[in-house]
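Content type compact mmCIF, C-alpha atoms, from the file query-v2.txt:
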```txt
# COMPACT_ATOMS: atom_id res chain seq x y z
CA MET J 160 0.00 0.00 0.00
CA ARG J 161 2.82 2.37 0.87
CA LEU J 162 4.47 1.76 -2.54
CA PHE J 163 1.15 2.47 -4.28
CA ILE J 164 0.78 5.81 -2.47
CA THR J 165 4.38 6.77 -3.32
CA ILE J 166 3.85 5.96 -7.02
CA LEU J 167 0.50 7.77 -7.09
CA SER J 168 2.03 10.83 -5.42
CA ALA J 169 4.87 10.92 -7.95
CA PHE J 170 2.38 10.59 -10.82
CA LEU J 171 0.22 13.42 -9.48
CA LEU J 172 3.27 15.64 -9.01
CA VAL J 173 4.32 15.11 -12.63
CA ALA J 174 0.73 15.52 -13.85
CA CYS J 175 0.51 18.88 -12.10
CA ALA J 176 3.51 20.25 -13.99
CA SER J 177 2.45 22.50 -16.85
CA TYR J 178 3.41 21.22 -20.30
CA SER J 179 4.29 24.61 -21.80
CA GLY J 180 4.39 26.95 -18.82
CA ARG J 181 0.92 28.33 -19.48
CA GLY J 182 0.07 30.93 -16.88
CA LEU J 183 3.63 32.16 -16.42
CA LYS J 184 4.03 35.86 -17.20
CA PRO J 185 7.21 37.49 -18.53
CA ASP J 186 8.77 40.06 -16.17
CA GLU J 187 6.37 38.95 -13.40
CA SER J 188 6.87 35.23 -12.76
CA GLN J 189 9.86 34.28 -10.65
CA LEU J 190 12.18 31.28 -11.00
CA GLU J 191 10.31 29.62 -8.13
CA ASP J 192 7.04 29.99 -10.08
CA VAL J 193 8.60 28.33 -13.13
CA LEU J 194 9.86 25.41 -11.06
CA ARG J 195 6.51 25.03 -9.30
CA ILE J 196 4.52 25.10 -12.54
CA MET J 197 6.85 23.31 -14.96
CA GLY J 198 8.82 21.10 -12.57
CA ASN J 199 12.57 20.52 -12.54
CA PRO J 200 14.29 21.18 -15.87
CA ALA J 201 16.17 18.48 -17.76
CA MET J 202 19.10 20.88 -18.13
CA ARG J 203 20.05 24.23 -16.63
CA TRP J 204 22.70 26.79 -17.58
CA GLN J 205 23.90 29.63 -15.35
CA ASP J 206 25.48 32.66 -17.02
CA SER J 207 28.12 34.88 -15.41
CA ASP J 208 25.60 37.73 -14.97
CA GLY J 209 23.33 35.47 -12.88
CA SER J 210 20.78 34.82 -15.63
CA GLN J 211 19.70 31.23 -16.30
CA GLN J 212 18.31 29.10 -19.09
CA LEU J 213 16.18 26.04 -18.31
CA ALA J 214 15.39 23.23 -20.80
CA TYR J 215 12.08 21.34 -20.68
CA PRO J 216 11.88 18.58 -23.33
CA ARG J 217 8.23 17.56 -23.75
CA GLY J 218 7.93 15.00 -26.56
CA ILE J 219 7.71 16.93 -29.84
CA HIS J 220 8.38 20.24 -28.08
CA THR J 221 11.30 21.55 -26.05
CA PHE J 222 10.61 24.70 -24.09
CA MET J 223 13.51 26.95 -23.14
CA VAL J 224 12.78 29.23 -20.22
CA HIS J 225 14.99 32.29 -19.84
CA ILE J 226 15.39 33.77 -16.36
CA GLY J 227 16.98 37.19 -15.92
CA SER J 228 19.66 38.03 -13.38
CA ASP J 229 16.84 39.52 -11.25
CA GLY J 230 15.23 36.05 -10.95
CA LYS J 231 12.26 36.97 -13.15
CA MET J 232 11.23 34.95 -16.17
CA GLN J 233 12.02 36.83 -19.39
CA HIS J 234 10.36 34.47 -21.89
CA ILE J 235 9.53 30.89 -22.83
CA GLU J 236 10.01 29.50 -26.33
CA ASN J 237 9.49 26.19 -28.07
CA VAL J 238 12.83 25.63 -29.82
CA MET J 239 11.70 22.69 -31.96
CA GLY J 240 11.32 24.44 -35.30
CA MET J 241 13.16 25.40 -38.47
CA LYS J 242 14.04 28.90 -37.21
CA THR J 243 16.00 27.40 -34.31
CA PHE J 244 17.38 24.49 -36.34
CA ALA J 245 18.91 27.03 -38.75
CA ARG J 246 21.13 28.24 -35.89
CA ILE J 247 23.00 24.92 -35.81
CA ARG J 248 26.20 25.35 -37.83
CA PRO J 249 29.20 23.19 -38.76
CA ASP J 250 31.96 23.12 -36.13
CA MET J 251 29.61 23.88 -33.21
CA THR J 252 30.34 21.79 -30.13
CA LYS J 253 27.92 19.39 -28.48
CA SER J 254 27.57 21.87 -25.59
CA GLN J 255 26.60 24.66 -27.99
CA VAL J 256 23.97 22.44 -29.63
CA LEU J 257 22.54 21.44 -26.25
CA ARG J 258 22.27 25.10 -25.26
CA ILE J 259 20.19 25.80 -28.40
CA LEU J 260 18.03 22.65 -28.62
CA GLY J 261 18.18 21.00 -25.21
CA PRO J 262 18.75 17.27 -24.81
CA SER J 263 17.62 14.71 -27.36
CA GLU J 264 16.11 11.44 -26.23
CA PRO J 265 18.85 8.94 -25.34
CA SER J 266 17.10 6.38 -27.55
CA ALA J 267 17.48 8.81 -30.48
CA THR J 268 21.28 8.74 -30.36
CA ALA J 269 23.27 6.64 -32.82
CA ASN J 270 26.99 6.09 -33.14
CA PHE J 271 28.32 5.06 -36.56
CA LYS J 272 31.90 3.94 -35.88
CA ALA J 273 32.76 3.19 -39.53
CA ARG J 274 31.92 6.81 -40.43
CA ASP J 275 33.29 8.21 -37.17
CA GLU J 276 29.90 9.88 -36.70
CA LEU J 277 27.58 10.50 -33.76
CA VAL J 278 23.95 11.44 -34.50
CA TRP J 279 21.56 13.13 -32.08
CA GLU J 280 17.90 13.26 -33.10
CA TRP J 281 14.96 15.38 -31.97
CA ARG J 282 11.32 14.69 -32.84
CA TYR J 283 9.20 17.76 -33.61
CA CYS J 284 6.06 18.90 -35.40
CA ASP J 285 6.82 20.73 -38.65
CA GLU J 286 5.07 23.73 -40.22
CA TRP J 287 2.62 21.43 -42.03
CA ASN J 288 1.51 19.76 -38.81
CA GLU J 289 3.44 16.57 -39.54
CA PRO J 290 5.76 14.76 -37.13
CA ALA J 291 9.37 15.05 -38.26
CA ARG J 292 12.90 14.32 -37.09
CA PHE J 293 15.80 16.77 -36.92
CA ASP J 294 19.25 15.20 -36.83
CA VAL J 295 22.58 16.74 -35.91
CA LEU J 296 25.52 14.75 -37.26
CA PHE J 297 28.75 15.19 -35.27
CA ASP J 298 32.29 14.26 -36.21
CA GLY J 299 32.88 11.43 -33.74
CA SER J 300 36.53 12.31 -33.04
CA LYS J 301 36.38 16.10 -33.00
CA GLU J 302 32.88 16.16 -31.40
CA VAL J 303 31.75 19.09 -33.55
CA VAL J 304 28.82 19.40 -35.95
CA ARG J 305 29.39 18.09 -39.46
CA SER J 306 25.90 18.70 -40.80
CA THR J 307 22.18 18.54 -40.06
CA MET J 308 19.16 17.05 -41.76
CA SER J 309 15.42 16.88 -41.32
CA LEU J 310 12.87 14.37 -42.61
CA THR J 311 9.17 13.98 -41.96
CA GLU J 312 8.03 10.70 -40.49
CA SER J 313 6.07 9.98 -43.67
CA GLN J 314 9.30 10.36 -45.68
CA MET J 315 10.85 7.84 -43.30
CA GLY J 316 7.96 5.38 -43.80
CA LEU J 317 6.80 5.66 -40.18
CA CYS J 318 3.17 6.59 -40.81
CA GLY J 319 1.74 3.17 -41.56
CA GLY J 320 -0.76 2.75 -44.39
CA GLU J 321 -2.14 6.28 -44.31
CA GLY J 322 1.00 7.82 -45.82
CA ARG J 323 0.81 11.07 -43.80
CA CYS J 324 0.99 11.52 -40.05
CA ILE J 325 -0.58 14.41 -38.18
CA CYS J 326 0.56 16.00 -34.92
CA ALA J 327 -0.79 18.81 -32.80
CA HIS J 328 0.96 21.93 -31.55
CA ALA J 329 0.70 22.83 -27.88
CA LYS J 330 -0.36 26.41 -27.31
```

Full structure transcribed into structure tokens:
Amino acid sequence: MRLFITILSAFLLVACASYSGRGLKPDESQLEDVLRIMGNPAMRWQDSDGSQQLAYPRGIHTFMVHIGSDGKMQHIENVMGMKTFARIRPDMTKSQVLRILGPSEPSATANFKARDELVWEWRYCDEWNEPARFDVLFDGSKEVVRSTMSLTESQMGLCGGEGRCICAHAK
């Protein structure tokens, strides 16, 4: 019974966390509000001026929350989109990519030893409301970006018999 209550409590705590930070207000909400509403981030960066960036991967979305040096939330953005993907450039380090996109799913990481290549993949919803995958291909030895690519799941043959998958954007 005690184990059941512990599991149920953990589930309810996670269920209470806001998916996209809805209700948080720029220049009003504090870091504590973000943590209470969205939960603990998957990654956190602290800048020398005291500002912070928090990463919240949520399936096909990754929300980056920017906290000013005053402890107030500046803005939240979903970074899973072509505008952000265009910021990934050859010779960027893994750390630089993580700071822009947040972590990929561990199951979406592949290492191709024969090509000396490491691939990180993020799933997202493209502009046409179709699930897609964005890949960053790293030089395995130098650990810097070689190139990127993006394919829809229908192009990858992952949509079954229908031929086109549909996803929904969180508001």

Taking 3 positions as the minimum chain separation for residues in the same chain, which residues sit within 7 Å of range 235-249 of chain J when counting only C-alpha atoms? Answer as an MDAnalysis selection string.
chainID J and resid 220:225 256 260 283 285 304:306

Residue nearest Pro185 in chain J - candidates J:Asn199, J:Gln233, J:Thr311, J:Gln212, atoms counted: only C-alpha atoms:
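Under the stated criterion, the closest residue is J:Gln233.
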
Restricting to only C-alpha atoms, whichever of J:Leu190, J:Met308, J:Leu183, J:Met315 is closest to Val278 in chain J is J:Met308

Using only C-alpha atoms, pick whichever of J:Arg195, J:Ile219, J:Gly316, J:Ser254 has the shortest atom-to-atom distance to Arg282 in chain J.
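Of the candidates, the smallest distance to Arg282 in chain J is held by J:Ile219.
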
Is there a way to get, as a ChimeraX atom specification, all residues within 12 Å of the point (4.7, 15.6, -34.8) in file coordinates, counting only C-alpha atoms?
/J:217-220,239-240,281-293,310-313,317-318,323-329

Among listed residues J:Met202, J:Leu257, J:Val295, J:Met232, nearest Asn270 in chain J (using only C-alpha atoms)
J:Val295

What does the distance between CA of Val303 in chain J and CA of Ala201 in chain J come to in Å, to one decimal place?
22.2 Å

Atomic separation - CA of Lys231 in chain J relative to CA of Gly182 in chain J, Å:
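Between CA of Gly182 in chain J and CA of Lys231 in chain J the gap works out to 14.1 Å.
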
How far is it from CA of Ala267 in chain J to CA of Ser177 in chain J, in Å with one decimal?
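It comes out at 24.5 Å.
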